[in-house]
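**Q** Pasting a structure below so you can have a look.
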Amino acid sequence: MRYLSFLLFAVMLFSCEKNDIEFLSYGDYRAELQINDSLVIPFTFNVKDANTLTVFNAEEEIYVNEIAYRNDSVFINMPVFEAQLIAKIKNQELNGHFVIKGKNRVVPFTAKKNATRFDVNKKAEANISGNWETVFSPDSNEDSYIAKGIFKQTGSKVTGTFLTETGDYRYLEGVVYGNQLKLSTFDGAHAFLFTGTVTDTTISGTFYSGKHWKEPFIAKRNAHYKLPNANKLTFLKKGYESLAFSFPDAKGNNISLTNVRFKNKVVLVQIMGTWCPNCLDESKYFAEFYQLNKDKGLEIVALAFEYAKTREQAFANITRLKDNVGITYPILLAQTGTTSKQRAQEKLPMLNHVLSYPTTIFIDKKGKVRKIHTGFNGPATGEKFVSFKKDFNVFVQKLLSEE
């Protein structure tokens with residue numbers, strides 16, 4: 001933490017030595033986050049004007065409009081998440097760091113004019129379009145988990161994602177050159193890199209999350225592979241039919257399901273965190289769905305499990321999320337100082353476990369839990385997301401139609 005404080009102080013001190021303000025120049029940039037001596041996580045963005053830019057990941061576009069300048073330095077606040085790109089500007093190039101203060105993470109960051117994410121110097125020797133049965137950390141009893149890769153490849157260019165039991169790994173974009181695969185994404189708070197050796201039927205590689213985590217993975221082509229049913233992973237313990245909690249809102253009022261707001265209503269309880277990318281995808285969907293159905297007897301309440309160390313900072317993050325996404329349903333603060341799933345389950349002891357952020361609990365008008373959905377596979381999953389929205393709407397409308 002002392003290193004992070006020193007870094008921020010040094011940036012501001014150095015910036016004060018100059019009087020001329022440098023601004024971002026317009027155009028396309030290729031950025032790099034340096035995760036070790038030989039590897040970077042690349043992403044691209046476009047500067048429209050000095051105060052707005054757009055980050056690109058395959059079909060995803062992330063609009064950024066919180067940009068400040070201090071002499072020769074730029075401070076780019078990423079939307080929703082508590083993260084910044086801080087860099088000096090010189091000759092249309094950026095040199096600095098990607099900083100997540102609350103997690104004490106600092107990653108070297110550079111950017112220069114270029115629209116290309118990955119350079120390709122060899123023709124692709126394989127085409128990985130299709131479905132892939134995947135295991136991450138295959139040799140570990142504790143850390144091993146399954147996933148499903150879904151990819152589309154045209155020439156050397158690849159897009160797609162990995163679906164897990166708890167969510168997806170965002171919009172991945174990359175290339176196959178020779179027998180090598182590289183995929184990356186940057187969503188404003190999370191930076192992922194997947195590298196691997198490929199054939200038409202196998203992928204063997206490594207997954208990097210920033211510079212703080214890496215693990216191996218293996219995948220084999222399997223057109224019929226399916227992950228376990230997300231509606232059966234989390235459930236109420238024997239003897240329970242309902243959910244109970246009492247957590248504060250931003251005004252300090254403790255809210256529970258006995259509140260008159262929820263009486264005789266269908267209620268969706270969202271277990272989430274403002275730091276969680278899959279939760280953000282789900283929150284965007286829920287915010288829109290709520291506006292369309294709140295007059296039909298639907299309520300949504302979110303329970304936020306935050307790594308922020310104080311209630312004040314946690315609620316500041318919650319308010320920022322609500323403002324950015326347009327959330328009008330309540331978000332209660334369930335936990336601060338940790339995102340431990342075990343600690344979360346202790347707050348909701350009627351659940352067998354909290355396996356994932358997010359998790360959604362469907363409650364009927366009589367207060368009975370009717371379904372629990374673990375994880376959220378968002379728009380990066382394509383047809384899976386379309387299918388999810390259809391099933392979700394059908395089930396909620398069924399609950400709303402009941403007496």
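To be explicit about the labels: the chains of the structure tokens are called A, B, and onward in the order shown, and within each one the residues are counted from 1, while ligands get numbers from 1 in the order they are shown.
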At most 12 Å is the cut-off: for each residue in segment 348-396 of chain A with any atom that close to an atom of segment 57-63 of chain A, write down the nearest atom pair and the distance in Å rounded to one decimal, counting only C-alpha atoms, chain first then increasing number, as a Markdown table.
**A**
| residue | atom | partner | partner_atom | distance |
| --- | --- | --- | --- | --- |
| A:Gly378 | CA | A:Glu60 | CA | 11.4 |
| A:Pro379 | CA | A:Glu60 | CA | 8.9 |
| A:Ala380 | CA | A:Glu60 | CA | 8.0 |
| A:Thr381 | CA | A:Glu59 | CA | 11.2 |
| A:Gly382 | CA | A:Glu59 | CA | 10.4 |
**Q** Take the selection from the previous step and output its residues with N, CA, C and O atoms, as a short mmCIF file (atom, residue, chain, number, x, y, z; two decimals), in the first residue's frame.
**A**
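Final file, again09.cif:
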data_model
loop_
_atom_site.label_atom_id
_atom_site.label_comp_id
_atom_site.auth_asym_id
_atom_site.auth_seq_id
_atom_site.Cartn_x
_atom_site.Cartn_y
_atom_site.Cartn_z
N GLY A 378 -23.03 -13.25 -19.84
CA GLY A 378 -23.51 -12.01 -20.42
C GLY A 378 -23.46 -11.96 -21.93
O GLY A 378 -23.35 -12.99 -22.61
N PRO A 379 -23.52 -10.75 -22.48
CA PRO A 379 -23.61 -10.57 -23.93
C PRO A 379 -22.44 -11.13 -24.72
O PRO A 379 -22.58 -11.43 -25.90
N ALA A 380 -21.29 -11.32 -24.08
CA ALA A 380 -20.13 -11.89 -24.78
C ALA A 380 -20.37 -13.35 -25.18
O ALA A 380 -19.67 -13.88 -26.04
N THR A 381 -21.37 -14.00 -24.57
CA THR A 381 -21.63 -15.42 -24.85
C THR A 381 -22.59 -15.62 -26.02
O THR A 381 -22.93 -16.76 -26.35
N GLY A 382 -23.03 -14.52 -26.64
CA GLY A 382 -23.82 -14.63 -27.87
C GLY A 382 -25.14 -15.34 -27.69
O GLY A 382 -26.03 -14.89 -26.95
#
**Q** Taking 5 positions as the minimum chain separation for residues in the same chain, which residues sit within 6 Å of Lys148 of chain A when counting only C-alpha atoms? Answer as number ranges by chain.
**A** A: 132-134, 162-163
**Q** Quick one, how far is atom CA of Leu39 of chain A from atom CA of Gly160 of chain A?
**A**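 Result for atom CA of Leu39 of chain A versus atom CA of Gly160 of chain A: 21.3 Å, one decimal.
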**Q** Of the candidates A:Phe385, A:Tyr145, A:Phe43, A:Tyr169, which one gets nearest to Arg30 of chain A if we count only C-alpha atoms?
**A**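 Looking at the shortest contact to Arg30 of chain A, the residue is A:Phe43.
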**Q** Using the chain letters and numbers from this document, which residues of segment 153-377 of chain A does DSSP assign to strand (DSSP E or B), as a PyMOL selection string?
**A** chain A and resi 153-154+157-164+168+172-178+180-186+191-198+202-209+213-221+236+246-248+254-256+266-272+298-305+331-335+351+359-363+369-374
**Q** Using only C-alpha atoms, determine which residues lie at most 9 Å from Glu282 of chain A, disregarding the query and same-chain residues fewer than 6 positions distant; provide the list as a ChimeraX atom specification.
**A** /A:358,376-378
**Q** Quick one: write out the picked residues with N, CA and C atoms as a PDB file, in the first residue's frame?
**A**
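The resulting part25.pdb:
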ATOM      1  N   PRO A 358     -22.254 -13.013  -9.838  1.00  0.00           N
ATOM      2  CA  PRO A 358     -23.509 -12.872  -9.120  1.00  0.00           C
ATOM      3  C   PRO A 358     -24.226 -14.205  -8.935  1.00  0.00           C
ATOM      4  N   PHE A 376     -23.623 -15.619 -14.200  1.00  0.00           N
ATOM      5  CA  PHE A 376     -24.310 -14.877 -15.259  1.00  0.00           C
ATOM      6  C   PHE A 376     -23.421 -14.883 -16.488  1.00  0.00           C
ATOM      7  N   ASN A 377     -23.939 -15.462 -17.554  1.00  0.00           N
ATOM      8  CA  ASN A 377     -23.235 -15.433 -18.830  1.00  0.00           C
ATOM      9  C   ASN A 377     -23.818 -14.306 -19.671  1.00  0.00           C
ATOM     10  N   GLY A 378     -23.034 -13.248 -19.836  1.00  0.00           N
ATOM     11  CA  GLY A 378     -23.513 -12.013 -20.419  1.00  0.00           C
ATOM     12  C   GLY A 378     -23.460 -11.958 -21.927  1.00  0.00           C
TER      13      GLY A 378
END
**Q** Which residue is closest to Met78 of chain A? Choose from A:Asp119, A:Glu403, A:Asp281, A:Asp187 and count only C-alpha atoms.
**A** A:Asp187
**Q** Report, in Å with one decimal, the straight-line distance from atom CA of Ile372 of chain A to atom CA of Gly337 of chain A.
**A**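 Going from atom CA of Ile372 of chain A over to atom CA of Gly337 of chain A covers 25.7 Å.
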**Q** Provide the atom CA of Asp143 of chain A to atom CA of Lys214 of chain A distance in Å, to one decimal place.
**A**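 That distance, rounded to one decimal, is 11.5 Å.
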**Q** With distances taken over only C-alpha atoms, which residue among A:Asp249, A:Gly155, A:Leu351, A:Tyr285 lies nearest Lys389 of chain A?
**A** A:Tyr285
**Q** If we count only C-alpha atoms, what is near Lys113 of chain A at a cut-off of 8 Å, once residues fewer than 2 positions away on the same chain are taken out, given as a list in words?
**A**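 Here the qualifying residues turn out to be Gly27, Asp28, Tyr29, Arg30, Gln92, Glu93, Ala111 and Ala115 of chain A.
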**Q** Using only C-alpha atoms, which protein or nucleic acid residues come within 6 Å of segment 127-129 of chain A? Drop anything in the same chain fewer than 2 positions from it, and give the result as a PyMOL selection string.
**A** chain A and resi 151-153+200
**Q** Using only C-alpha atoms, which residues sit within 6 Å of segment 297-307 of chain A once same-chain residues fewer than 5 positions away are excluded, as a list in words?
**A**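 Result of the neighbour search: Lys265, Val266, Val267, Leu268, Val269, Gln270, Ile271, Met272, Gly273, Tyr329, Pro330, Ile331, Leu332, Leu333, Ala334, Gln335, Thr336, Gly337, Thr338 and Thr339 of chain A.
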**Q** Keeping only all heavy atoms, write the selected residues as a short mmCIF file (atom, residue, chain, number, x, y, z; two decimals), in the first residue's frame.
**A**
data_model
loop_
_atom_site.label_atom_id
_atom_site.label_comp_id
_atom_site.auth_asym_id
_atom_site.auth_seq_id
_atom_site.Cartn_x
_atom_site.Cartn_y
_atom_site.Cartn_z
N LYS A 265 -45.21 -9.32 -3.68
CA LYS A 265 -44.48 -9.05 -4.92
C LYS A 265 -43.59 -10.24 -5.27
O LYS A 265 -43.17 -11.01 -4.40
CB LYS A 265 -43.58 -7.81 -4.77
CG LYS A 265 -44.31 -6.52 -4.44
CD LYS A 265 -44.95 -5.91 -5.66
CE LYS A 265 -45.49 -4.53 -5.36
NZ LYS A 265 -44.44 -3.53 -5.13
N VAL A 266 -43.31 -10.37 -6.56
CA VAL A 266 -42.22 -11.26 -6.99
C VAL A 266 -40.92 -10.50 -6.77
O VAL A 266 -40.79 -9.34 -7.18
CB VAL A 266 -42.38 -11.63 -8.48
CG1 VAL A 266 -41.15 -12.40 -8.97
CG2 VAL A 266 -43.65 -12.44 -8.70
N VAL A 267 -39.98 -11.14 -6.08
CA VAL A 267 -38.73 -10.46 -5.72
C VAL A 267 -37.54 -11.24 -6.26
O VAL A 267 -37.44 -12.45 -6.07
CB VAL A 267 -38.59 -10.30 -4.19
CG1 VAL A 267 -37.31 -9.53 -3.85
CG2 VAL A 267 -39.82 -9.59 -3.61
N LEU A 268 -36.64 -10.53 -6.92
CA LEU A 268 -35.35 -11.09 -7.33
C LEU A 268 -34.29 -10.53 -6.40
O LEU A 268 -34.15 -9.31 -6.28
CB LEU A 268 -35.02 -10.73 -8.77
CG LEU A 268 -36.07 -11.05 -9.83
CD1 LEU A 268 -35.53 -10.69 -11.22
CD2 LEU A 268 -36.48 -12.50 -9.77
N VAL A 269 -33.56 -11.40 -5.73
CA VAL A 269 -32.46 -10.99 -4.86
C VAL A 269 -31.15 -11.27 -5.59
O VAL A 269 -30.85 -12.42 -5.92
CB VAL A 269 -32.50 -11.73 -3.51
CG1 VAL A 269 -31.32 -11.31 -2.64
CG2 VAL A 269 -33.82 -11.47 -2.80
N GLN A 270 -30.40 -10.21 -5.81
CA GLN A 270 -29.16 -10.29 -6.57
C GLN A 270 -27.97 -10.23 -5.61
O GLN A 270 -27.74 -9.22 -4.95
CB GLN A 270 -29.08 -9.13 -7.58
CG GLN A 270 -27.82 -9.11 -8.42
CD GLN A 270 -27.66 -7.79 -9.18
OE1 GLN A 270 -28.17 -6.75 -8.75
NE2 GLN A 270 -26.96 -7.82 -10.30
N ILE A 271 -27.20 -11.31 -5.52
CA ILE A 271 -25.97 -11.32 -4.74
C ILE A 271 -24.85 -10.86 -5.67
O ILE A 271 -24.57 -11.50 -6.69
CB ILE A 271 -25.68 -12.73 -4.19
CG1 ILE A 271 -26.82 -13.17 -3.27
CG2 ILE A 271 -24.36 -12.77 -3.45
CD1 ILE A 271 -26.71 -14.61 -2.79
N MET A 272 -24.18 -9.74 -5.34
CA MET A 272 -23.29 -9.11 -6.30
C MET A 272 -22.21 -8.28 -5.61
O MET A 272 -22.11 -8.24 -4.39
CB MET A 272 -24.10 -8.22 -7.26
CG MET A 272 -25.07 -7.25 -6.59
SD MET A 272 -24.30 -5.75 -5.88
CE MET A 272 -23.94 -4.84 -7.39
N GLY A 273 -21.39 -7.62 -6.43
CA GLY A 273 -20.39 -6.68 -5.95
C GLY A 273 -20.13 -5.65 -7.03
O GLY A 273 -20.20 -5.97 -8.22
N TYR A 329 -33.56 0.15 -8.47
CA TYR A 329 -33.91 -0.73 -7.36
C TYR A 329 -32.84 -0.60 -6.27
O TYR A 329 -31.71 -0.16 -6.53
CB TYR A 329 -34.06 -2.18 -7.83
CG TYR A 329 -32.89 -2.78 -8.56
CD1 TYR A 329 -31.78 -3.29 -7.88
CD2 TYR A 329 -32.89 -2.87 -9.95
CE1 TYR A 329 -30.71 -3.87 -8.55
CE2 TYR A 329 -31.82 -3.44 -10.63
CZ TYR A 329 -30.73 -3.93 -9.93
OH TYR A 329 -29.67 -4.49 -10.60
N PRO A 330 -33.16 -0.95 -5.02
CA PRO A 330 -32.21 -0.75 -3.92
C PRO A 330 -31.01 -1.70 -3.98
O PRO A 330 -31.15 -2.87 -4.34
CB PRO A 330 -33.05 -1.00 -2.66
CG PRO A 330 -34.18 -1.85 -3.12
CD PRO A 330 -34.46 -1.46 -4.54
N ILE A 331 -29.85 -1.18 -3.62
CA ILE A 331 -28.65 -1.99 -3.42
C ILE A 331 -28.23 -1.83 -1.96
O ILE A 331 -27.90 -0.72 -1.52
CB ILE A 331 -27.50 -1.57 -4.35
CG1 ILE A 331 -27.92 -1.70 -5.82
CG2 ILE A 331 -26.25 -2.41 -4.07
CD1 ILE A 331 -26.81 -1.32 -6.81
N LEU A 332 -28.27 -2.91 -1.22
CA LEU A 332 -27.94 -2.90 0.20
C LEU A 332 -26.50 -3.34 0.40
O LEU A 332 -25.97 -4.14 -0.38
CB LEU A 332 -28.88 -3.83 0.97
CG LEU A 332 -30.38 -3.69 0.67
CD1 LEU A 332 -31.17 -4.69 1.51
CD2 LEU A 332 -30.85 -2.28 0.90
N LEU A 333 -25.88 -2.84 1.45
CA LEU A 333 -24.50 -3.21 1.75
C LEU A 333 -24.48 -4.40 2.69
O LEU A 333 -24.83 -4.29 3.86
CB LEU A 333 -23.75 -2.03 2.38
CG LEU A 333 -22.28 -2.27 2.71
CD1 LEU A 333 -21.49 -2.70 1.48
CD2 LEU A 333 -21.66 -1.03 3.34
N ALA A 334 -24.08 -5.55 2.17
CA ALA A 334 -24.09 -6.78 2.96
C ALA A 334 -22.77 -7.05 3.65
O ALA A 334 -22.73 -7.73 4.69
CB ALA A 334 -24.46 -7.96 2.07
N GLN A 335 -21.67 -6.53 3.09
CA GLN A 335 -20.34 -6.87 3.63
C GLN A 335 -19.31 -5.90 3.13
O GLN A 335 -19.36 -5.45 1.98
CB GLN A 335 -19.99 -8.30 3.18
CG GLN A 335 -18.71 -8.88 3.74
CD GLN A 335 -18.62 -10.36 3.44
OE1 GLN A 335 -19.26 -11.18 4.09
NE2 GLN A 335 -17.85 -10.71 2.42
N THR A 336 -18.35 -5.55 3.98
CA THR A 336 -17.20 -4.73 3.58
C THR A 336 -15.91 -5.43 3.95
O THR A 336 -15.89 -6.31 4.80
CB THR A 336 -17.23 -3.35 4.27
OG1 THR A 336 -17.20 -3.54 5.70
CG2 THR A 336 -18.45 -2.55 3.89
N GLY A 337 -14.83 -5.03 3.29
CA GLY A 337 -13.51 -5.52 3.66
C GLY A 337 -13.10 -6.84 3.06
O GLY A 337 -11.93 -7.22 3.14
N THR A 338 -14.03 -7.56 2.43
CA THR A 338 -13.71 -8.84 1.83
C THR A 338 -14.81 -9.25 0.86
O THR A 338 -15.97 -8.89 1.04
CB THR A 338 -13.54 -9.95 2.89
OG1 THR A 338 -13.28 -11.21 2.25
CG2 THR A 338 -14.78 -10.09 3.73
N THR A 339 -14.41 -10.00 -0.15
CA THR A 339 -15.40 -10.59 -1.07
C THR A 339 -15.46 -12.10 -0.89
O THR A 339 -15.93 -12.81 -1.78
CB THR A 339 -15.04 -10.24 -2.53
OG1 THR A 339 -13.74 -10.76 -2.84
CG2 THR A 339 -15.05 -8.73 -2.75
#
**Q** Please list as a list in words every residue within 12 Å of Gln313 of chain A, counting only C-alpha atoms and excluding residues in the same chain fewer than 3 positions away.
**A**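 So, after excluding close chain neighbours, the residues are Glu82, Lys101, Gly102, Ala250, Thr274, Glu306, Tyr307, Ala308, Lys309, Thr310, Ala316, Asn317, Ile318, Thr319, Arg320, Leu333, Thr336 and Gly337 of chain A.
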**Q** As number ranges by chain, please: all residues of segment 40-281 of chain A that backbone DSSP puts in helix (DSSP H, G or I).
**A** A: 101-103, 260-262, 277-281
**Q** Taking into account only C-alpha atoms, which residue in the set A:Ile100, A:Val80, A:Val354, A:Asn51 is nearest to Lys322 of chain A?
**A**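 The answer is A:Val80, which sits nearest to Lys322 of chain A.
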**Q** Compare A:Ala126, A:Val386, A:Ile363, A:Ile255 by their minimum atom-to-atom distance to Thr201 of chain A, counting only C-alpha atoms, and give me the closest one.
**A**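 Nearest to Thr201 of chain A: A:Ala126.
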**Q** Here is a test: counting only C-alpha atoms, which residue of A:Ala87, A:Leu33, A:Ala147, A:Val74 is nearest to Ala50 of chain A?
**A**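 Among the listed residues, the smallest separation from Ala50 of chain A belongs to A:Val74.
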